[in-house]
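Coordinates as given in model_35.pdb (PDB, C-alpha atoms, pLDDT in the B column):
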MODEL        1
ATOM      1  CA  GLN A 268     112.346 103.830  92.471  1.00 80.00           C
ATOM      2  CA  VAL A 269     108.860 103.463  90.998  1.00 88.00           C
ATOM      3  CA  GLN A 270     107.777 102.492  87.506  1.00 93.00           C
ATOM      4  CA  LEU A 271     104.221 102.941  86.271  1.00 95.00           C
ATOM      5  CA  VAL A 272     103.077 101.228  83.088  1.00 95.00           C
ATOM      6  CA  GLU A 273      99.676 101.987  81.565  1.00 95.00           C
ATOM      7  CA  SER A 274      97.751  99.728  79.228  1.00 95.00           C
ATOM      8  CA  GLY A 275      94.297  99.421  77.734  1.00 96.00           C
ATOM      9  CA  GLY A 276      94.016 102.482  75.536  1.00 95.00           C
ATOM     10  CA  GLY A 277      92.760 102.352  71.993  1.00 97.00           C
ATOM     11  CA  LEU A 278      90.138 103.451  69.511  1.00 98.00           C
ATOM     12  CA  VAL A 279      86.459 103.122  70.389  1.00 98.00           C
ATOM     13  CA  GLN A 280      83.198 104.498  69.051  1.00 98.00           C
ATOM     14  CA  ALA A 281      81.177 106.988  71.035  1.00 98.00           C
ATOM     15  CA  GLY A 282      79.092 105.213  73.640  1.00 98.00           C
ATOM     16  CA  GLY A 283      81.626 102.429  73.982  1.00 98.00           C
ATOM     17  CA  SER A 284      83.812 101.368  76.881  1.00 98.00           C
ATOM     18  CA  LEU A 285      87.472 100.929  77.671  1.00 98.00           C
ATOM     19  CA  ARG A 286      89.336  99.797  80.748  1.00 98.00           C
ATOM     20  CA  LEU A 287      92.730 101.254  81.508  1.00 98.00           C
ATOM     21  CA  ALA A 288      95.209  99.627  83.852  1.00 98.00           C
ATOM     22  CA  CYS A 289      98.311 101.021  85.514  1.00 97.00           C
ATOM     23  CA  ALA A 290     100.756  98.587  87.055  1.00 95.00           C
ATOM     24  CA  ALA A 291     103.258  99.889  89.566  1.00 93.00           C
ATOM     25  CA  SER A 292     106.569  98.287  90.356  1.00 89.00           C
ATOM     26  CA  GLY A 293     109.503  99.264  92.529  1.00 86.00           C
ATOM     27  CA  ARG A 294     110.598  99.350  96.131  1.00 81.00           C
ATOM     28  CA  VAL A 295     108.660 102.410  97.195  1.00 80.00           C
ATOM     29  CA  SER A 296     105.113 102.197  98.488  1.00 83.00           C
ATOM     30  CA  ILE A 297     102.578 104.235  96.578  1.00 87.00           C
ATOM     31  CA  ASN A 298      99.827 106.006  98.472  1.00 91.00           C
ATOM     32  CA  ASP A 299      97.349 107.956  96.367  1.00 94.00           C
ATOM     33  CA  MET A 300      96.992 107.129  92.691  1.00 95.00           C
ATOM     34  CA  GLY A 301      95.243 108.940  89.930  1.00 96.00           C
ATOM     35  CA  TRP A 302      94.428 109.142  86.261  1.00 98.00           C
ATOM     36  CA  TYR A 303      95.005 112.332  84.334  1.00 98.00           C
ATOM     37  CA  ARG A 304      94.466 113.169  80.691  1.00 98.00           C
ATOM     38  CA  GLN A 305      95.797 115.659  78.214  1.00 98.00           C
ATOM     39  CA  ALA A 306      94.093 116.495  74.963  1.00 97.00           C
ATOM     40  CA  PRO A 307      95.929 118.287  72.132  1.00 92.00           C
ATOM     41  CA  GLY A 308      96.347 121.969  72.923  1.00 95.00           C
ATOM     42  CA  LYS A 309      94.982 121.578  76.444  1.00 96.00           C
ATOM     43  CA  GLN A 310      96.480 121.309  79.894  1.00 97.00           C
ATOM     44  CA  ARG A 311      96.719 118.018  81.695  1.00 97.00           C
ATOM     45  CA  GLU A 312      93.706 117.533  83.951  1.00 98.00           C
ATOM     46  CA  LEU A 313      92.697 115.207  86.744  1.00 98.00           C
ATOM     47  CA  VAL A 314      90.194 112.558  85.711  1.00 98.00           C
ATOM     48  CA  ALA A 315      89.931 110.434  88.850  1.00 98.00           C
ATOM     49  CA  ALA A 316      91.922 109.703  91.975  1.00 98.00           C
ATOM     50  CA  ILE A 317      91.903 107.059  94.668  1.00 97.00           C
ATOM     51  CA  THR A 318      93.587 106.997  98.051  1.00 94.00           C
ATOM     52  CA  SER A 319      95.310 104.003  99.579  1.00 90.00           C
ATOM     53  CA  GLY A 320      92.179 103.536 101.678  1.00 91.00           C
ATOM     54  CA  GLY A 321      89.906 103.505  98.657  1.00 93.00           C
ATOM     55  CA  SER A 322      88.374 106.986  98.773  1.00 97.00           C
ATOM     56  CA  THR A 323      87.702 108.315  95.286  1.00 98.00           C
ATOM     57  CA  ASN A 324      87.401 111.659  93.563  1.00 97.00           C
ATOM     58  CA  TYR A 325      86.233 112.399  90.012  1.00 98.00           C
ATOM     59  CA  ALA A 326      86.206 115.275  87.604  1.00 98.00           C
ATOM     60  CA  ASP A 327      82.669 116.531  87.043  1.00 98.00           C
ATOM     61  CA  SER A 328      82.915 115.686  83.345  1.00 97.00           C
ATOM     62  CA  VAL A 329      83.321 111.954  84.034  1.00 98.00           C
ATOM     63  CA  LYS A 330      81.145 111.418  87.101  1.00 98.00           C
ATOM     64  CA  GLY A 331      78.701 108.596  86.548  1.00 97.00           C
ATOM     65  CA  ARG A 332      80.619 107.296  83.523  1.00 98.00           C
ATOM     66  CA  PHE A 333      84.106 106.466  84.831  1.00 98.00           C
ATOM     67  CA  THR A 334      85.076 104.335  87.799  1.00 98.00           C
ATOM     68  CA  ILE A 335      88.514 104.203  89.394  1.00 98.00           C
ATOM     69  CA  SER A 336      89.569 101.215  91.460  1.00 97.00           C
ATOM     70  CA  ARG A 337      92.745  99.637  92.743  1.00 95.00           C
ATOM     71  CA  ASP A 338      94.067  96.225  93.615  1.00 93.00           C
ATOM     72  CA  ASN A 339      96.694  96.775  96.284  1.00 88.00           C
ATOM     73  CA  ALA A 340      97.855  93.171  96.132  1.00 88.00           C
ATOM     74  CA  LYS A 341      98.705  93.657  92.451  1.00 89.00           C
ATOM     75  CA  ASN A 342      99.853  97.277  92.829  1.00 89.00           C
ATOM     76  CA  THR A 343      97.496  98.141  90.002  1.00 94.00           C
ATOM     77  CA  VAL A 344      94.962 100.905  89.514  1.00 96.00           C
ATOM     78  CA  TYR A 345      92.171 100.704  86.945  1.00 98.00           C
ATOM     79  CA  LEU A 346      89.943 103.177  85.165  1.00 98.00           C
ATOM     80  CA  GLN A 347      86.718 101.769  83.770  1.00 98.00           C
ATOM     81  CA  MET A 348      85.390 104.189  81.185  1.00 98.00           C
ATOM     82  CA  ASN A 349      81.815 103.795  79.978  1.00 98.00           C
ATOM     83  CA  SER A 350      79.615 105.889  77.717  1.00 98.00           C
ATOM     84  CA  LEU A 351      82.691 107.391  76.123  1.00 98.00           C
ATOM     85  CA  LYS A 352      82.372 110.662  74.252  1.00 98.00           C
ATOM     86  CA  PRO A 353      84.584 112.210  71.567  1.00 97.00           C
ATOM     87  CA  GLU A 354      85.649 114.835  74.105  1.00 97.00           C
ATOM     88  CA  ASP A 355      87.211 112.057  76.198  1.00 98.00           C
ATOM     89  CA  THR A 356      89.856 111.684  73.502  1.00 98.00           C
ATOM     90  CA  ALA A 357      93.261 112.319  75.066  1.00 98.00           C
ATOM     91  CA  VAL A 358      96.431 110.728  76.282  1.00 98.00           C
ATOM     92  CA  TYR A 359      95.709 109.228  79.685  1.00 98.00           C
ATOM     93  CA  TYR A 360      98.431 109.201  82.309  1.00 98.00           C
ATOM     94  CA  CYS A 361      98.699 107.345  85.573  1.00 97.00           C
ATOM     95  CA  LYS A 362     100.220 109.089  88.560  1.00 97.00           C
ATOM     96  CA  GLY A 363     101.389 107.602  91.823  1.00 95.00           C
ATOM     97  CA  HIS A 364     102.184 109.617  94.935  1.00 93.00           C
ATOM     98  CA  THR A 365     104.760 108.493  97.459  1.00 91.00           C
ATOM     99  CA  THR A 366     105.313 109.950 100.879  1.00 88.00           C
ATOM    100  CA  TRP A 367     109.057 110.491 100.639  1.00 87.00           C
ATOM    101  CA  TYR A 368     109.854 110.626  96.931  1.00 88.00           C
ATOM    102  CA  GLY A 369     107.035 112.660  95.455  1.00 91.00           C
ATOM    103  CA  ASP A 370     105.071 111.833  92.341  1.00 94.00           C
ATOM    104  CA  TYR A 371     105.729 109.365  89.558  1.00 95.00           C
ATOM    105  CA  TRP A 372     104.089 109.300  86.139  1.00 96.00           C
ATOM    106  CA  GLY A 373     103.499 106.624  83.569  1.00 96.00           C
ATOM    107  CA  GLN A 374     104.291 107.073  79.891  1.00 96.00           C
ATOM    108  CA  GLY A 375     100.673 107.573  78.885  1.00 97.00           C
ATOM    109  CA  THR A 376      98.205 105.652  76.759  1.00 97.00           C
ATOM    110  CA  GLN A 377      96.155 107.083  73.904  1.00 98.00           C
ATOM    111  CA  VAL A 378      92.372 106.944  74.060  1.00 98.00           C
ATOM    112  CA  THR A 379      90.521 107.965  70.910  1.00 98.00           C
ATOM    113  CA  VAL A 380      86.737 108.135  70.764  1.00 98.00           C
ATOM    114  CA  SER A 381      85.212 108.457  67.326  1.00 97.00           C
ATOM    115  CA  SER A 382      81.833 110.067  66.723  1.00 94.00           C
TER     116      SER A 382
ENDMDL
END
Rewrite the structure of this file - the entire thing - as structure tokens.
Amino acid sequence: QVQLVESGGGLVQAGGSLRLACAASGRVSINDMGWYRQAPGKQRELVAAITSGGSTNYADSVKGRFTISRDNAKNTVYLQMNSLKPEDTAVYYCKGHTTWYGDYWGQGTQVTVSS
């Protein structure tokens, strides 16, 4: 009932910036949304989350560098990533939470930060 499509990943040098976008489509309303990442050999971890009302939460490792936002009219959530570090390299996934149907995940987008 919900499709999430991420975009905006790529290769960037350390200190650079990227902006990820996640567009949601479908008939089900999405409440909370979040960005997660998974590096090779590591577990998937929360990067940032935003409620339908706009409250945000960040992993300590990205506070002050990443900003999550959403455009409810466009059903899109964004992740602005500044001052990128090599340790930010991972596949970034978008997740949307619905009240009645649980969680939906996007296919992921690769972010690679070179030193």
Return as a list in words the set of residues that the PyMOL selection byres ((chain A and resi 301) around 9) yields on the displayed structure.
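Here the PyMOL selection byres ((chain A and resi 301) around 9) matches Asp299, Met300, Trp302, Tyr303, Leu313, Val314, Ala315, Ala316, Ile317, Thr318, Ile335, Val344, Tyr360, Cys361, Lys362, Gly363 and His364 of chain A.
Using all atoms listed in the file, the smallest distance between any of A:Thr379, A:Asn339, A:Asn298, A:Ser350 and Trp367 (chain A) comes from A:Asn298.
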Could you list, as JSON, numbers by chain, every residue matched by the PyMOL selection byres ((chain A and resi 346) around 6) in this structure?
{"A": [286, 287, 334, 335, 345, 347]}
Which residue of A:Thr323, A:Thr356, A:Ser328, A:Asn349 approaches Thr376 (chain A) most closely, using only C-alpha atoms
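So, comparing all the options, the nearest one is A:Thr356.
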By how many Å are CA of Ser274 (chain A) and CA of Met348 (chain A) apart?
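So the two atoms, CA of Ser274 (chain A) and CA of Met348 (chain A), lie 13.3 Å apart.
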Straight-line distance linking CA of Ala288 (chain A) with CA of Ala357 (chain A), stated in Å to one decimal:
15.6 Å
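Every residue that the PyMOL selection byres ((chain A and resi 358) around 6) selects in this file is listed here: Arg304, Gln305, Ala357, Tyr359, Gly375, Thr376, Gln377 and Val378 of chain A.
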All residues 8 Å or closer to Gly293 (chain A), only C-alpha atoms, same chain fewer than 5 positions away omitted, as a list in words
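Near Gly293 (chain A), the qualifying residues are Gln268, Val269 and Gln270 of chain A.
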Could those selected residues go to a file with C-alpha atoms, as a short mmCIF file (atom, residue, chain, number, x, y, z; two decimals), in the coordinates of the input?
data_model
loop_
_atom_site.label_atom_id
_atom_site.label_comp_id
_atom_site.auth_asym_id
_atom_site.auth_seq_id
_atom_site.Cartn_x
_atom_site.Cartn_y
_atom_site.Cartn_z
CA GLN A 268 112.35 103.83 92.47
CA VAL A 269 108.86 103.46 91.00
CA GLN A 270 107.78 102.49 87.51
#
State, in Å with one decimal place, the distance from CA of Gly282 (chain A) to CA of Lys352 (chain A).
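Atom-to-atom, CA of Gly282 (chain A) to CA of Lys352 (chain A), that is 6.4 Å.
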From the options A:Ala326, A:Leu285, A:Ala306, A:Ala291, which residue's atoms come nearest to Glu273 (chain A), counting all atoms listed in the file?
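Smallest distance to Glu273 (chain A) is found for A:Ala291.
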Centre and edge lengths, as lines of an AutoDock Vina configuration file, for the axis-aligned box enclosing every listed atom of region 303-321 of chain A with 5 Å of padding on each of the six sides, in Å to one decimal?
center_x = 93.3
center_y = 112.7
center_z = 86.9
size_x = 16.8
size_y = 28.5
size_z = 39.5
Go through A:Val279, A:Ala340, A:Gly373, A:Ser322 one by one, measure the shortest atom-to-atom distance of each to Pro353 (chain A) using only C-alpha atoms, and give the residue with the smallest value.
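When distances to Pro353 (chain A) are compared using only C-alpha atoms, the smallest one comes from A:Val279.
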For Thr366 (chain A), find every residue with an atom within 9 Å (counting only C-alpha atoms), except residues of its own chain fewer than 3 positions away, and show them as a list in words.
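Surrounding residues, per the criterion: Ser296, Ile297, Asn298, Gly369 and Asp370 of chain A.
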